[in-house]
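As provided, entry_36.cif (mmCIF, C-alpha atoms) reads as follows.
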```cif
data_model
loop_
_atom_site.label_atom_id
_atom_site.label_comp_id
_atom_site.auth_asym_id
_atom_site.auth_seq_id
_atom_site.Cartn_x
_atom_site.Cartn_y
_atom_site.Cartn_z
CA ARG F 1 -7.39 -9.57 -49.69
CA GLN F 2 -10.69 -8.15 -51.03
CA TRP F 3 -8.81 -5.17 -52.41
CA LEU F 4 -6.35 -7.38 -54.28
CA ALA F 5 -9.16 -9.60 -55.60
CA TRP F 6 -11.01 -6.52 -56.83
CA LEU F 7 -7.88 -5.24 -58.61
CA GLU F 8 -7.46 -8.60 -60.32
CA GLY F 9 -11.06 -8.38 -61.48
CA GLN F 10 -10.25 -5.01 -63.02
CA GLY F 11 -7.40 -6.53 -65.00
CA VAL F 12 -4.66 -5.08 -62.79
CA LYS F 13 -1.73 -7.51 -62.73
CA HIS F 14 0.76 -5.53 -60.60
CA LEU F 15 0.44 -3.01 -57.79
CA SER F 16 2.51 -0.61 -59.84
CA GLU F 17 -0.56 -0.23 -62.10
CA VAL F 18 -2.78 1.07 -59.29
CA THR F 19 -4.03 4.63 -59.71
CA GLN F 20 -5.97 7.02 -57.53
CA GLY F 21 -8.91 6.54 -59.85
CA LEU F 22 -9.03 2.82 -59.11
CA CYS F 23 -8.91 3.61 -55.37
CA ASP F 24 -11.82 6.01 -55.76
CA ARG F 25 -13.91 3.44 -57.66
CA TYR F 26 -13.25 0.71 -55.08
CA LEU F 27 -14.20 2.98 -52.19
CA GLN F 28 -17.30 4.19 -54.00
CA GLU F 29 -18.55 0.62 -54.46
CA HIS F 30 -18.25 0.02 -50.72
CA ALA F 31 -19.69 3.42 -49.78
CA GLU F 32 -22.92 2.53 -51.59
CA ARG F 33 -23.68 -0.23 -49.05
CA ARG F 34 -21.69 0.83 -45.98
CA THR F 35 -21.68 3.68 -43.49
CA PRO F 36 -18.90 6.28 -43.69
CA GLN F 37 -17.50 5.02 -40.38
CA SER F 38 -17.23 1.42 -41.63
CA CYS F 39 -15.35 2.60 -44.75
CA VAL F 40 -12.48 4.05 -42.71
CA PRO F 41 -10.72 0.65 -42.23
CA ILE F 42 -10.94 0.08 -45.99
CA ILE F 43 -8.84 3.18 -46.63
CA SER F 44 -6.35 2.14 -43.95
CA GLY F 45 -5.93 -1.25 -45.59
CA MET F 46 -5.38 0.29 -49.03
CA ARG F 47 -2.78 2.69 -47.64
CA ASP F 48 -0.76 -0.11 -46.04
CA PHE F 49 0.62 -1.08 -49.46
CA ALA F 50 2.00 2.45 -49.81
CA ASP F 51 3.20 2.89 -46.22
CA TYR F 52 5.04 -0.48 -46.19
CA GLY F 53 6.08 -0.42 -49.83
CA THR F 54 9.79 -0.42 -49.02
CA VAL F 55 9.57 -3.90 -47.47
CA LEU F 56 7.14 -5.43 -49.99
CA SER F 57 8.05 -7.27 -53.17
CA GLU F 58 5.48 -5.12 -55.00
CA ARG F 59 4.26 -1.63 -54.30
CA TYR F 60 2.19 1.20 -55.69
CA PRO F 61 3.84 3.85 -57.84
CA ARG F 62 6.13 5.82 -55.52
CA GLU F 63 4.09 8.98 -55.88
CA LEU F 64 0.81 7.26 -54.93
CA ARG F 65 -0.57 7.15 -51.44
CA PRO F 66 -4.36 6.81 -51.71
CA TRP F 67 -5.89 10.22 -50.88
CA GLY F 68 -2.52 11.51 -49.75
CA ARG F 69 -2.41 12.65 -46.12
CA ARG F 70 -6.10 13.40 -45.78
CA PRO F 71 -7.61 11.70 -42.69
CA ALA F 72 -9.61 8.64 -43.65
CA SER F 73 -12.61 10.03 -41.77
CA LYS F 74 -12.52 13.15 -43.98
CA VAL F 75 -12.36 11.04 -47.14
CA THR F 76 -15.39 8.96 -46.18
CA GLY F 77 -17.34 11.88 -44.77
CA VAL F 78 -17.62 10.74 -41.16
CA LYS F 79 -19.38 13.38 -39.10
CA TYR F 80 -18.43 13.53 -35.45
CA GLN F 81 -20.70 15.10 -32.87
CA ASP F 82 -19.26 17.96 -30.87
CA GLY F 83 -18.84 17.07 -27.20
CA ASN F 84 -19.99 13.86 -25.55
CA SER F 85 -22.67 11.82 -27.27
CA THR F 86 -23.84 10.57 -23.87
CA PRO F 87 -25.73 13.30 -21.98
CA TRP F 88 -24.45 14.46 -18.60
CA ILE F 89 -26.11 13.07 -15.49
CA PRO F 90 -28.13 15.96 -14.01
CA ASP F 91 -26.77 17.35 -10.74
CA THR F 92 -30.10 16.61 -9.09
CA VAL F 93 -29.39 12.91 -9.72
CA PHE F 94 -25.59 12.75 -9.48
CA HIS F 95 -25.13 14.68 -6.22
CA PRO F 96 -27.32 12.41 -4.03
CA LEU F 97 -25.96 9.35 -5.85
CA LEU F 98 -22.36 10.37 -5.14
CA ALA F 99 -23.18 11.34 -1.55
CA SER F 100 -24.74 7.92 -0.89
CA ALA F 101 -21.75 6.14 -2.46
CA LEU F 102 -19.27 8.14 -0.38
CA PHE F 103 -21.28 7.41 2.77
CA LEU F 104 -21.08 3.68 2.12
CA ILE F 105 -17.33 3.84 1.47
CA GLU F 106 -16.35 6.18 4.30
CA GLN F 107 -18.82 5.18 7.03
CA ALA F 108 -20.25 1.74 6.30
CA ALA F 109 -17.37 -0.08 4.60
CA PRO F 110 -15.41 -0.98 7.79
CA ASP F 111 -18.51 -2.61 9.29
CA ILE F 112 -19.41 -4.50 6.10
CA LEU F 113 -15.87 -5.86 5.76
CA GLN F 114 -15.81 -6.84 9.44
CA ALA F 115 -19.10 -8.70 8.96
CA ARG F 116 -17.56 -10.54 6.03
CA ARG F 117 -14.56 -11.51 8.17
CA GLU F 118 -16.86 -12.81 10.91
CA TYR F 119 -18.90 -14.86 8.44
CA THR F 120 -15.79 -16.28 6.74
CA GLU F 121 -14.14 -17.18 10.03
CA THR F 122 -17.32 -18.87 11.27
CA MET F 123 -17.75 -20.92 8.10
CA THR F 124 -14.09 -22.01 7.98
CA ARG F 125 -13.60 -22.56 11.70
CA THR F 126 -12.28 -26.02 12.59
CA GLN F 127 -15.11 -28.03 14.14
CA ARG F 128 -14.14 -30.58 16.75
CA GLY F 129 -16.16 -32.74 19.09
CA GLN F 130 -19.56 -32.12 20.55
CA GLY F 131 -20.71 -28.97 22.27
CA THR F 132 -21.15 -28.90 26.03
CA ALA F 133 -23.77 -27.15 28.11
CA GLN F 134 -21.17 -24.57 29.14
CA MET F 135 -20.34 -23.81 25.50
CA VAL F 136 -24.03 -23.40 24.70
CA SER F 137 -24.45 -21.14 27.72
CA ASP F 138 -21.50 -18.97 26.64
CA LEU F 139 -22.89 -18.64 23.11
CA ILE F 140 -26.32 -17.65 24.41
CA ASP F 141 -24.64 -15.01 26.60
CA ARG F 142 -23.05 -13.56 23.44
CA TYR F 143 -26.48 -13.31 21.81
CA ARG F 144 -27.88 -11.76 24.97
CA GLN F 145 -25.10 -9.15 25.33
CA ALA F 146 -25.36 -8.25 21.64
CA GLY F 147 -29.13 -7.89 21.90
CA LEU F 148 -29.70 -10.43 19.12
CA THR F 149 -32.37 -13.05 18.57
CA LEU F 150 -31.50 -16.67 17.84
CA PRO F 151 -31.16 -17.88 14.22
CA HIS F 152 -34.05 -19.70 12.59
CA GLU F 153 -33.73 -22.86 10.50
CA GLN F 154 -35.53 -21.89 7.29
CA ARG F 155 -36.04 -25.45 6.05
CA THR F 156 -37.64 -26.79 9.24
CA GLU F 157 -41.19 -28.06 8.94
CA PRO F 158 -43.68 -27.06 11.68
CA THR F 159 -43.16 -29.17 14.78
CA GLU F 160 -44.12 -29.26 18.41
CA ASN F 161 -40.43 -29.14 19.40
CA PRO F 162 -39.45 -25.42 19.45
CA ILE F 163 -35.72 -26.28 19.44
CA SER F 164 -36.05 -27.79 15.96
CA ALA F 165 -36.79 -24.28 14.68
CA LEU F 166 -33.25 -23.16 15.63
CA ARG F 167 -30.43 -23.19 13.12
CA ILE F 168 -28.34 -25.54 15.23
CA SER F 169 -25.77 -26.09 12.45
CA TRP F 170 -24.88 -22.37 12.45
CA MET F 171 -24.71 -22.17 16.22
CA SER F 172 -22.43 -25.23 16.24
CA LYS F 173 -20.10 -23.49 13.79
CA GLN F 174 -20.04 -20.46 16.07
CA MET F 175 -18.91 -22.72 18.92
CA GLY F 176 -16.44 -24.60 16.73
CA VAL F 177 -18.03 -28.02 17.29
CA TRP F 178 -19.67 -30.58 15.04
CA SER F 179 -22.95 -30.57 16.92
CA ILE F 180 -24.58 -30.25 20.33
CA GLY F 181 -26.42 -33.55 20.00
CA ARG F 182 -27.35 -36.27 17.55
CA SER F 183 -30.65 -34.47 16.89
CA THR F 184 -32.78 -31.75 18.43
CA ASP F 185 -34.92 -34.50 20.01
CA ARG F 186 -31.93 -36.14 21.69
CA LEU F 187 -30.22 -33.28 23.50
CA SER F 188 -28.96 -33.44 27.04
CA THR F 189 -31.33 -32.11 29.67
CA ASP F 190 -29.05 -29.13 30.46
CA ILE F 191 -28.63 -28.08 26.82
CA ARG F 192 -32.33 -28.50 26.15
CA ARG F 193 -33.23 -26.31 29.13
CA LEU F 194 -30.71 -23.64 28.07
CA LEU F 195 -32.09 -23.47 24.53
CA LEU F 196 -35.73 -23.40 25.61
CA ASP F 197 -35.06 -20.59 28.09
CA ALA F 198 -33.10 -18.67 25.40
CA ILE F 199 -35.98 -19.03 22.92
CA ASP F 200 -38.40 -17.61 25.48
CA GLU F 201 -36.05 -14.78 26.43
CA LEU F 202 -34.44 -13.79 23.11
CA GLY F 203 -36.88 -15.07 20.51
CA VAL F 204 -36.08 -16.50 17.07
CA THR F 205 -35.49 -14.46 13.91
CA ASP F 206 -35.84 -15.44 10.27
CA GLU F 207 -32.27 -14.24 9.62
CA THR F 208 -28.88 -15.57 10.63
CA VAL F 209 -27.79 -12.41 12.43
CA LEU F 210 -24.06 -11.77 12.82
CA PHE F 211 -22.43 -10.44 15.97
CA THR F 212 -20.80 -7.54 14.08
CA ARG F 213 -22.61 -4.40 15.16
CA PRO F 214 -23.10 -1.46 12.79
CA SER F 215 -21.23 1.61 14.02
CA VAL F 216 -22.85 4.77 15.30
CA VAL F 217 -22.13 7.39 12.64
CA GLU F 218 -23.36 10.73 11.40
CA LEU F 219 -26.29 9.88 9.15
CA PRO F 220 -27.10 11.71 5.89
CA ASP F 221 -29.90 13.60 7.67
CA GLY F 222 -27.39 15.05 10.15
CA ASN F 223 -28.39 12.90 13.14
CA ARG F 224 -26.20 10.24 14.74
CA GLY F 225 -27.19 6.60 14.94
CA ARG F 226 -26.49 3.15 13.61
CA TRP F 227 -26.58 3.25 9.81
CA CYS F 228 -28.35 -0.14 9.69
CA GLU F 229 -30.07 -2.37 12.26
CA HIS F 230 -27.84 -5.45 11.98
CA PHE F 231 -25.92 -7.73 9.62
CA SER F 232 -27.09 -11.16 8.56
CA ALA F 233 -25.50 -14.00 6.63
CA GLU F 234 -28.40 -13.90 4.14
CA ARG F 235 -28.00 -10.19 3.40
CA LEU F 236 -24.19 -9.99 3.50
CA ARG F 237 -23.73 -10.65 -0.20
CA SER F 238 -26.04 -7.80 -1.19
CA ASP F 239 -24.23 -5.50 1.28
CA LEU F 240 -20.90 -6.34 -0.38
CA GLU F 241 -22.38 -5.80 -3.85
CA ARG F 242 -23.70 -2.38 -2.80
CA LEU F 243 -20.27 -1.45 -1.47
CA ALA F 244 -18.59 -2.55 -4.72
CA THR F 245 -21.16 -0.53 -6.68
CA ALA F 246 -20.44 2.53 -4.52
CA CYS F 247 -16.72 2.18 -5.28
CA TYR F 248 -17.48 1.97 -8.99
CA ILE F 249 -19.68 5.09 -8.86
CA VAL F 250 -16.99 7.14 -7.12
CA ILE F 251 -14.16 6.00 -9.41
CA ALA F 252 -16.12 6.31 -12.65
CA GLY F 253 -17.89 9.51 -11.65
CA LEU F 254 -14.82 11.44 -10.50
CA SER F 255 -12.08 10.07 -12.78
CA GLY F 256 -13.72 9.99 -16.20
CA LEU F 257 -12.38 6.48 -16.85
CA ARG F 258 -14.19 4.26 -19.33
CA PRO F 259 -16.03 1.22 -17.95
CA SER F 260 -13.40 -1.09 -19.45
CA GLU F 261 -10.63 0.92 -17.81
CA VAL F 262 -12.34 0.83 -14.40
CA GLY F 263 -12.73 -2.92 -14.80
CA GLU F 264 -8.96 -3.33 -15.21
CA LEU F 265 -8.09 -1.58 -11.93
CA ARG F 266 -6.48 -3.88 -9.38
CA ARG F 267 -5.83 -3.68 -5.65
CA GLY F 268 -2.84 -1.42 -4.92
CA CYS F 269 -2.79 0.25 -8.33
CA VAL F 270 -3.37 3.75 -6.93
CA GLN F 271 -0.44 5.75 -5.60
CA GLU F 272 -0.85 8.88 -3.48
CA LEU F 273 1.23 11.74 -4.85
CA CYS F 274 2.65 14.20 -2.34
#
```

Whole structure, structure tokens version:
Amino acid sequence: RQWLAWLEGQGVKHLSEVTQGLCDRYLQEHAERRTPQSCVPIISGMRDFADYGTVLSERYPRELRPWGRRPASKVTGVKYQDGNSTPWIPDTVFHPLLASALFLIEQAAPDILQARREYTETMTRTQRGQGTAQMVSDLIDRYRQAGLTLPHEQRTEPTENPISALRISWMSKQMGVWSIGRSTDRLSTDIRRLLLDAIDELGVTDETVLFTRPSVVELPDGNRGRWCEHFSAERLRSDLERLATACYIVIAGLSGLRPSEVGELRRGCVQELC
């Protein structure tokens, strides 16, 4: 539209009156206030009237195609840098980065995904009725066998009742019940004794530790051991984000895909070729 308005300002009434000289003058006016790269679309727009002339009611003279077959970038003087404009990541940085990402994917991923399944199942478990002393005893046995401390209720104000420091809502979800009592001050004698004994024996942690245990694997230093101490509900999101980042590093680093292309990958899109 700007091209046609400019031609009209030059007194050109029909496209058949367009000359290469007019094209040069129009481009020169834009080149004075634009970069060579931004002038490339201008040439493409001017050439459209020649390339689609057979289907237009008006067209340039048949012999005119602005600047012929020369690439628009050559006409405007765009200078491209040889090779990648983004510098390579040094091997001293990329090698340990890739090794850490592969470790997370190959060794840690099954545990992280299992922890997510445990957390999701606990949060969505159907809760029915009120917990019994036997159910509380069984849950404490699970904590004991897993070597875990009991979960702490972060929002609890200091109190003389040690049971109020427990995250009873989480423990109830683990048992699949609504609660184990109307309040921590109104528990049955058996449940109260079980919880007090468990606090003395197992202790209370600031995290909501999950039962999923990290696997014993070969660590980056060559030794074998658990790759992390435990999983917790509070830290699970960051664990999943680190795993997703590791996947991105491996795909982007080894495939050469652009960030936008990596972002379009979907589950099941990769096929193994024999």

Exercise. Expanded to explicit residues, what is the PyMOL selection byres ((chain F and resi 86-99) around 10) for this file, as a VMD selection string?
Worked result: chain F and resid 83 to 85 100 to 105 220 246 to 247 249 to 250 253 to 254

Exercise. What does the distance between atom CA of F:Glu106 and atom CA of F:Val217 come to in Å, to one decimal place?
Worked result: 10.2 Å

Problem set entry | Two-atom distance - atom CA of F:Gln130, atom CA of F:Asp197 (Å) | 20.7 Å

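Minimum distance to F:Glu207 across F:Pro151, F:Pro66, F:Gly225, F:Gly11 (counting all atoms listed in the file) occurs at F:Pro151.
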
For this session: Identify all residues satisfying the PyMOL selection byres ((chain F and resi 183) around 12) in the given file; provide them as a list in words.
Result: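 Against this file, the PyMOL selection byres ((chain F and resi 183) around 12) returns the residues Gln130, Asn161, Ile163, Ser164, Leu166, Arg167, Ile168, Ser169, Trp178, Ser179, Ile180, Gly181, Arg182, Thr184, Asp185, Arg186, Leu187, Ser188, Ile191 and Arg192 of chain F.
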
Write the residues of the preceding selection, restricted to C-alpha atoms, as an mmCIF file, in the coordinates of the input.
```
data_model
loop_
_atom_site.group_PDB
_atom_site.id
_atom_site.type_symbol
_atom_site.label_atom_id
_atom_site.label_comp_id
_atom_site.auth_asym_id
_atom_site.auth_seq_id
_atom_site.Cartn_x
_atom_site.Cartn_y
_atom_site.Cartn_z
ATOM 1 C CA GLN F 130 -19.560 -32.120 20.550
ATOM 2 C CA ASN F 161 -40.430 -29.140 19.400
ATOM 3 C CA ILE F 163 -35.720 -26.280 19.440
ATOM 4 C CA SER F 164 -36.050 -27.790 15.960
ATOM 5 C CA LEU F 166 -33.250 -23.160 15.630
ATOM 6 C CA ARG F 167 -30.430 -23.190 13.120
ATOM 7 C CA ILE F 168 -28.340 -25.540 15.230
ATOM 8 C CA SER F 169 -25.770 -26.090 12.450
ATOM 9 C CA TRP F 178 -19.670 -30.580 15.040
ATOM 10 C CA SER F 179 -22.950 -30.570 16.920
ATOM 11 C CA ILE F 180 -24.580 -30.250 20.330
ATOM 12 C CA GLY F 181 -26.420 -33.550 20.000
ATOM 13 C CA ARG F 182 -27.350 -36.270 17.550
ATOM 14 C CA THR F 184 -32.780 -31.750 18.430
ATOM 15 C CA ASP F 185 -34.920 -34.500 20.010
ATOM 16 C CA ARG F 186 -31.930 -36.140 21.690
ATOM 17 C CA LEU F 187 -30.220 -33.280 23.500
ATOM 18 C CA SER F 188 -28.960 -33.440 27.040
ATOM 19 C CA ILE F 191 -28.630 -28.080 26.820
ATOM 20 C CA ARG F 192 -32.330 -28.500 26.150
#
```

For this session: Please identify all polymer residues within 8 Å of F:Asp206, counting all atoms listed in the file, omitting same-chain residues fewer than 2 positions from it, and present them as a PyMOL selection string.
Result: chain F and resi 151-154+204+208

Exercise. Skipping near chain neighbours, those fewer than 3 positions away, what residues fall within 10 Å of F:Asp190 using all atoms listed in the file, listed as a PyMOL selection string?
Worked result: chain F and resi 132-134+136-137+187+193-195

Exercise. What do you get, as number ranges by chain, if you spell out every residue that the PyMOL selection byres ((chain F and resi 18) around 10) selects here?
Worked result: F: 7, 12-17, 19-23, 59-61, 64, 66

For this session: Just the residues within 8 Å of F:Trp227, please, counting only C-alpha atoms, with nothing from its chain fewer than 6 positions along; format it as a ChimeraX atom specification.
Result: /F:108,214-217,219

Problem set entry | One-decimal distance in Å that lies between atom CA of F:Glu234 and atom CA of F:Thr120 |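 For atom CA of F:Thr120 relative to atom CA of F:Glu234, the distance reads 13.1 Å.
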
Problem set entry | Which residue of F:Ala72, F:Leu139, F:Ile251, F:Met171 approaches F:Met46 most closely, using only C-alpha atoms | F:Ala72

Seminar exercise, completed: Counting only C-alpha atoms, closest pick from F:Arg266, F:Arg65, F:His30, F:Arg226 relative to F:Asp48 is F:Arg65
